[in-house]
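Report on one structure; see the data block that follows.
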Amino acid sequence: RHQAYQVQLVYMWEGEIDPALYRESCQRVVERHDVLRTAILYKNVKRPRQVVLKEREILFGYHDILGAAGQTAWWEDYTKQDRQKGFELIDEPLIRWALIKTHQDRYTLLITFHHMILDGWSTNILMKETIAVYQRLKNKLPHPEGQPGEEKPYLDYIKWLEEQEMGESHRYWQEKLRGFDRVTRMPVSRQPYTVDKESPITREYATVIAKDLYRQLEGVARQGNLTLNIVLQAVWSVVVHRYTGTEDILFGNVISGRNISVEGIDRIMGLFI
């Protein structure tokens, strides 16, 4: 089971909700979007394949802890166990839901998915569409399945990707990196370990900066007409320079890939990075 690259999203819901109806709403959204029904075939093949299943039953759990003591501890334990489950890339869905009733009219919704199938933009589409379907079911309104423009398949993006000339991209980066002849490596000690391909080792580190420092960084960003993200990348470049002593610093950065000419790309669920 794979624990790397999984994402947990938490939403708070105020007001009464019908768990069975919400589950059906999630199922209908899965039926309408191909990427939510995918499996990853990676064993005994030369290249991994993302396969779309015609049907896939969702994983949905409902827990009523109304009035229970120690709700905070229960929640921390539940989310920890959920993370430890990871995902079986072939035999089970790569997204799951858990709805928890905490108060008379308050619920917590936990959505866990593998990052291979969704990016951050997609989560907004997922939530908006699920709530819209829920409202239609609740009010017994007709559903728009089959109407054009309601959803766009991830396959449209894959087709566009396959049509691109990769040689042009390679030439672009070769020109940009001309004269750069060394890999930037941090001179830090590394303890040898064996990598388990099935369950790779991952670590996450977090730090909190003071409000005054945060405001100073925002001021630098405004003064240079930059995003805070760019400023932090510049900070990282300075850190790497001080560790390595090199003037040319090269590192990678993950960015959104939705600024391409695919019709309706803002309505497509999937991974665009």
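Here, A, B, ... name the chains of the structure tokens in the order displayed, residue numbers run from 1 inside each chain, and ligands are numbered from 1 in the same displayed order.
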Just the residues within 10 Å of Val133 in chain A, please, counting only C-alpha atoms, with nothing from its chain fewer than 6 positions along; format it as an MDAnalysis selection string.
-> chainID A and resid 21:22 24:26 28:29 127 139 141:144
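The list of residues with at least one atom within 9 Å of range 7-13 of chain A, based on only C-alpha atoms and without residues fewer than 5 positions apart in the same chain, reads A:Thr79, A:Asp82, A:Arg83, A:Asp105, A:Arg106, A:Tyr107, A:Thr108, A:Leu109, A:Leu110, A:Ile111, A:Thr112, A:Phe113, A:His114, A:His115, A:Thr123.
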Only all heavy atoms, please: the residues just picked out, written as a compact mmCIF listing (two decimals), in the first residue's frame.
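Saved result, selection.txt, follows:
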```
# COMPACT_ATOMS: atom_id res chain seq x y z
N THR A 79 -7.72 10.37 11.76
CA THR A 79 -6.99 10.90 10.61
C THR A 79 -5.61 10.25 10.47
O THR A 79 -5.13 10.04 9.35
CB THR A 79 -6.83 12.43 10.72
OG1 THR A 79 -6.25 12.76 12.00
CG2 THR A 79 -8.18 13.13 10.60
N ASP A 82 -6.21 6.91 8.97
CA ASP A 82 -6.57 7.10 7.56
C ASP A 82 -5.33 7.31 6.71
O ASP A 82 -5.21 6.75 5.62
CB ASP A 82 -7.52 8.29 7.44
CG ASP A 82 -7.92 8.58 6.01
OD1 ASP A 82 -8.73 7.80 5.47
OD2 ASP A 82 -7.43 9.57 5.43
N ARG A 83 -4.38 8.11 7.22
CA ARG A 83 -3.13 8.32 6.48
C ARG A 83 -2.34 7.03 6.35
O ARG A 83 -1.73 6.76 5.32
CB ARG A 83 -2.27 9.38 7.18
CG ARG A 83 -2.79 10.80 7.06
CD ARG A 83 -1.76 11.81 7.53
NE ARG A 83 -1.38 11.62 8.91
CZ ARG A 83 -1.99 12.18 9.95
NH1 ARG A 83 -3.04 12.95 9.73
NH2 ARG A 83 -1.57 11.99 11.18
N ASP A 105 -26.04 19.80 14.63
CA ASP A 105 -26.15 20.30 13.26
C ASP A 105 -24.78 20.67 12.69
O ASP A 105 -24.65 21.58 11.88
CB ASP A 105 -27.09 21.51 13.21
CG ASP A 105 -26.62 22.64 14.10
OD1 ASP A 105 -25.69 22.42 14.89
OD2 ASP A 105 -27.18 23.75 14.00
N ARG A 106 -23.73 19.94 13.11
CA ARG A 106 -22.39 20.21 12.61
C ARG A 106 -21.69 18.90 12.24
O ARG A 106 -21.77 17.92 12.99
CB ARG A 106 -21.56 20.98 13.63
CG ARG A 106 -22.03 22.42 13.83
CD ARG A 106 -21.23 23.11 14.91
NE ARG A 106 -19.81 23.17 14.59
CZ ARG A 106 -18.89 23.63 15.44
NH1 ARG A 106 -19.24 24.03 16.66
NH2 ARG A 106 -17.62 23.68 15.08
N TYR A 107 -21.02 18.93 11.08
CA TYR A 107 -20.35 17.74 10.58
C TYR A 107 -18.94 18.11 10.12
O TYR A 107 -18.67 19.26 9.76
CB TYR A 107 -21.10 17.14 9.38
CG TYR A 107 -22.49 16.66 9.70
CD1 TYR A 107 -23.56 17.56 9.82
CD2 TYR A 107 -22.75 15.30 9.87
CE1 TYR A 107 -24.83 17.11 10.11
CE2 TYR A 107 -24.03 14.85 10.15
CZ TYR A 107 -25.06 15.75 10.27
OH TYR A 107 -26.32 15.31 10.56
N THR A 108 -18.07 17.13 10.13
CA THR A 108 -16.73 17.28 9.57
C THR A 108 -16.60 16.29 8.42
O THR A 108 -16.91 15.11 8.57
CB THR A 108 -15.64 17.00 10.62
OG1 THR A 108 -15.76 17.94 11.68
CG2 THR A 108 -14.26 17.14 10.00
N LEU A 109 -16.17 16.78 7.27
CA LEU A 109 -15.99 15.94 6.10
C LEU A 109 -14.51 15.78 5.81
O LEU A 109 -13.78 16.77 5.68
CB LEU A 109 -16.69 16.57 4.89
CG LEU A 109 -16.51 15.83 3.55
CD1 LEU A 109 -17.18 14.46 3.59
CD2 LEU A 109 -17.06 16.68 2.40
N LEU A 110 -14.05 14.54 5.74
CA LEU A 110 -12.65 14.24 5.42
C LEU A 110 -12.60 13.58 4.04
O LEU A 110 -13.25 12.56 3.80
CB LEU A 110 -12.06 13.29 6.47
CG LEU A 110 -10.63 12.78 6.19
CD1 LEU A 110 -9.63 13.92 6.23
CD2 LEU A 110 -10.26 11.69 7.19
N ILE A 111 -11.85 14.20 3.15
CA ILE A 111 -11.64 13.63 1.81
C ILE A 111 -10.16 13.31 1.68
O ILE A 111 -9.31 14.18 1.85
CB ILE A 111 -12.06 14.60 0.70
CG1 ILE A 111 -13.52 15.01 0.87
CG2 ILE A 111 -11.85 13.96 -0.67
CD1 ILE A 111 -13.99 16.04 -0.15
N THR A 112 -9.85 12.06 1.39
CA THR A 112 -8.47 11.62 1.22
C THR A 112 -8.30 11.09 -0.19
O THR A 112 -9.09 10.27 -0.64
CB THR A 112 -8.11 10.52 2.23
OG1 THR A 112 -8.43 10.97 3.56
CG2 THR A 112 -6.63 10.18 2.17
N PHE A 113 -7.28 11.57 -0.88
CA PHE A 113 -7.07 11.10 -2.25
C PHE A 113 -5.59 11.04 -2.57
O PHE A 113 -4.76 11.66 -1.90
CB PHE A 113 -7.79 12.00 -3.27
CG PHE A 113 -7.32 13.43 -3.28
CD1 PHE A 113 -6.27 13.83 -4.09
CD2 PHE A 113 -7.94 14.39 -2.49
CE1 PHE A 113 -5.84 15.15 -4.12
CE2 PHE A 113 -7.53 15.71 -2.50
CZ PHE A 113 -6.47 16.09 -3.31
N HIS A 114 -5.27 10.27 -3.60
CA HIS A 114 -3.89 10.20 -4.07
C HIS A 114 -3.65 11.35 -5.02
O HIS A 114 -4.46 11.64 -5.90
CB HIS A 114 -3.62 8.87 -4.78
CG HIS A 114 -2.15 8.54 -4.86
ND1 HIS A 114 -1.27 9.27 -5.63
CD2 HIS A 114 -1.42 7.56 -4.25
CE1 HIS A 114 -0.06 8.75 -5.50
NE2 HIS A 114 -0.12 7.73 -4.68
N HIS A 115 -2.51 12.02 -4.85
CA HIS A 115 -2.22 13.22 -5.64
C HIS A 115 -2.09 12.91 -7.13
O HIS A 115 -2.13 13.83 -7.97
CB HIS A 115 -0.93 13.86 -5.11
CG HIS A 115 -0.77 15.30 -5.48
ND1 HIS A 115 -1.78 16.04 -6.07
CD2 HIS A 115 0.28 16.15 -5.36
CE1 HIS A 115 -1.35 17.27 -6.29
NE2 HIS A 115 -0.10 17.35 -5.87
N THR A 123 -9.97 20.12 -6.45
CA THR A 123 -10.73 19.92 -5.22
C THR A 123 -11.89 20.92 -5.12
O THR A 123 -12.94 20.59 -4.59
CB THR A 123 -9.83 20.05 -3.99
OG1 THR A 123 -9.24 21.35 -3.93
CG2 THR A 123 -8.74 18.99 -4.02
```
Within 7 Å of Ala39 in chain A using only C-alpha atoms, minus same-chain residues under 5 positions, as a ChimeraX atom specification | /A:50-52,89-90
I need the chosen residues saved as a short mmCIF file (atom, residue, chain, number, x, y, z; two decimals), in the first residue's frame, with N, CA, C and O atoms.
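result-v3.cif, written as the output of this step:
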```cif
data_model
loop_
_atom_site.label_atom_id
_atom_site.label_comp_id
_atom_site.auth_asym_id
_atom_site.auth_seq_id
_atom_site.Cartn_x
_atom_site.Cartn_y
_atom_site.Cartn_z
N GLN A 50 -2.44 4.35 -16.52
CA GLN A 50 -3.61 4.83 -15.81
C GLN A 50 -4.84 4.35 -16.58
O GLN A 50 -5.07 4.74 -17.71
N VAL A 51 -5.60 3.47 -15.94
CA VAL A 51 -6.73 2.82 -16.59
C VAL A 51 -8.03 3.35 -16.01
O VAL A 51 -8.20 3.43 -14.79
N VAL A 52 -8.97 3.71 -16.89
CA VAL A 52 -10.28 4.20 -16.45
C VAL A 52 -11.27 3.04 -16.43
O VAL A 52 -11.45 2.34 -17.42
N LEU A 89 -3.06 0.90 -5.40
CA LEU A 89 -3.25 1.62 -6.65
C LEU A 89 -4.07 0.88 -7.70
O LEU A 89 -4.58 1.50 -8.63
N ILE A 90 -4.23 -0.42 -7.54
CA ILE A 90 -4.93 -1.20 -8.57
C ILE A 90 -6.33 -1.57 -8.13
O ILE A 90 -7.30 -1.39 -8.89
#
```
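Look at range 229-235 of chain A: the protein and nucleic acid residues within 10 Å of it, using only C-alpha atoms and passing over chain neighbours fewer than 4 places away, are Leu217, Glu218, Val220, Ala221, Gly224, Val239, Val240, His241, Phe251 and Asn253 of chain A.
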Filtering to N, CA and C atoms, could you give me those residues as a short mmCIF file (atom, residue, chain, number, x, y, z; two decimals), in the first residue's frame?
```cif
data_model
loop_
_atom_site.label_atom_id
_atom_site.label_comp_id
_atom_site.auth_asym_id
_atom_site.auth_seq_id
_atom_site.Cartn_x
_atom_site.Cartn_y
_atom_site.Cartn_z
N LEU A 217 8.35 40.15 4.77
CA LEU A 217 8.40 39.41 3.51
C LEU A 217 7.31 39.89 2.56
N GLU A 218 6.11 40.13 3.10
CA GLU A 218 5.04 40.67 2.26
C GLU A 218 5.42 42.04 1.69
N VAL A 220 8.46 43.11 1.00
CA VAL A 220 9.42 42.88 -0.08
C VAL A 220 8.69 42.45 -1.36
N ALA A 221 7.69 41.59 -1.20
CA ALA A 221 6.94 41.12 -2.36
C ALA A 221 6.19 42.28 -3.03
N GLY A 224 8.57 44.69 -4.90
CA GLY A 224 9.08 44.15 -6.15
C GLY A 224 8.01 43.67 -7.10
N VAL A 239 20.06 30.62 0.70
CA VAL A 239 20.45 29.55 1.62
C VAL A 239 21.36 28.54 0.91
N VAL A 240 20.96 28.14 -0.30
CA VAL A 240 21.76 27.17 -1.06
C VAL A 240 23.13 27.77 -1.39
N HIS A 241 23.15 29.05 -1.75
CA HIS A 241 24.43 29.70 -2.06
C HIS A 241 25.36 29.67 -0.86
N PHE A 251 17.35 24.75 -9.09
CA PHE A 251 16.45 23.82 -8.39
C PHE A 251 15.10 23.83 -9.10
N ASN A 253 10.80 23.44 -9.36
CA ASN A 253 9.63 23.96 -8.67
C ASN A 253 8.38 23.46 -9.39
#
```
Write out as a PyMOL selection string each polymer residue whose atoms come within 10 Å of Phe180 in chain A, counting only C-alpha atoms; drop sequence neighbours fewer than 4 positions from it.
-> chain A and resi 174+176+248-250
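Coordinates place CA of Val238 in chain A at a distance of 19.7 Å from CA of Arg222 in chain A.
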Please give the complete set of residues from range 36-171 of chain A that DSSP, run on the backbone, assigns to helix (DSSP H, G or I), formatted as a PyMOL selection string.
-> chain A and resi 36-37+71-85+120-138+155-163+166-171
Near Tyr157 in chain A, counting only C-alpha atoms, which residues have an atom at most 8 Å away, once you skip same-chain residues fewer than 4 positions from it, shown as JSON, numbers by chain?
-> {"A": [153, 161, 262, 265]}
Keeping only N, CA and C atoms, write those residues as a PDB file, in the first residue's frame.
```pdb
ATOM      1  N   PRO A 153     -13.858  15.656 -19.708  1.00  0.00           N
ATOM      2  CA  PRO A 153     -13.030  14.488 -19.366  1.00  0.00           C
ATOM      3  C   PRO A 153     -11.545  14.829 -19.315  1.00  0.00           C
ATOM      4  N   LEU A 161      -1.704  16.505 -24.532  1.00  0.00           N
ATOM      5  CA  LEU A 161      -0.332  16.240 -24.103  1.00  0.00           C
ATOM      6  C   LEU A 161       0.392  15.371 -25.118  1.00  0.00           C
ATOM      7  N   VAL A 262      -6.630  24.094 -23.915  1.00  0.00           N
ATOM      8  CA  VAL A 262      -7.586  22.977 -23.903  1.00  0.00           C
ATOM      9  C   VAL A 262      -8.936  23.542 -23.485  1.00  0.00           C
ATOM     10  N   ILE A 265     -10.674  23.715 -19.728  1.00  0.00           N
ATOM     11  CA  ILE A 265      -9.701  23.123 -18.807  1.00  0.00           C
ATOM     12  C   ILE A 265      -9.964  23.521 -17.369  1.00  0.00           C
TER      13      ILE A 265
END
```
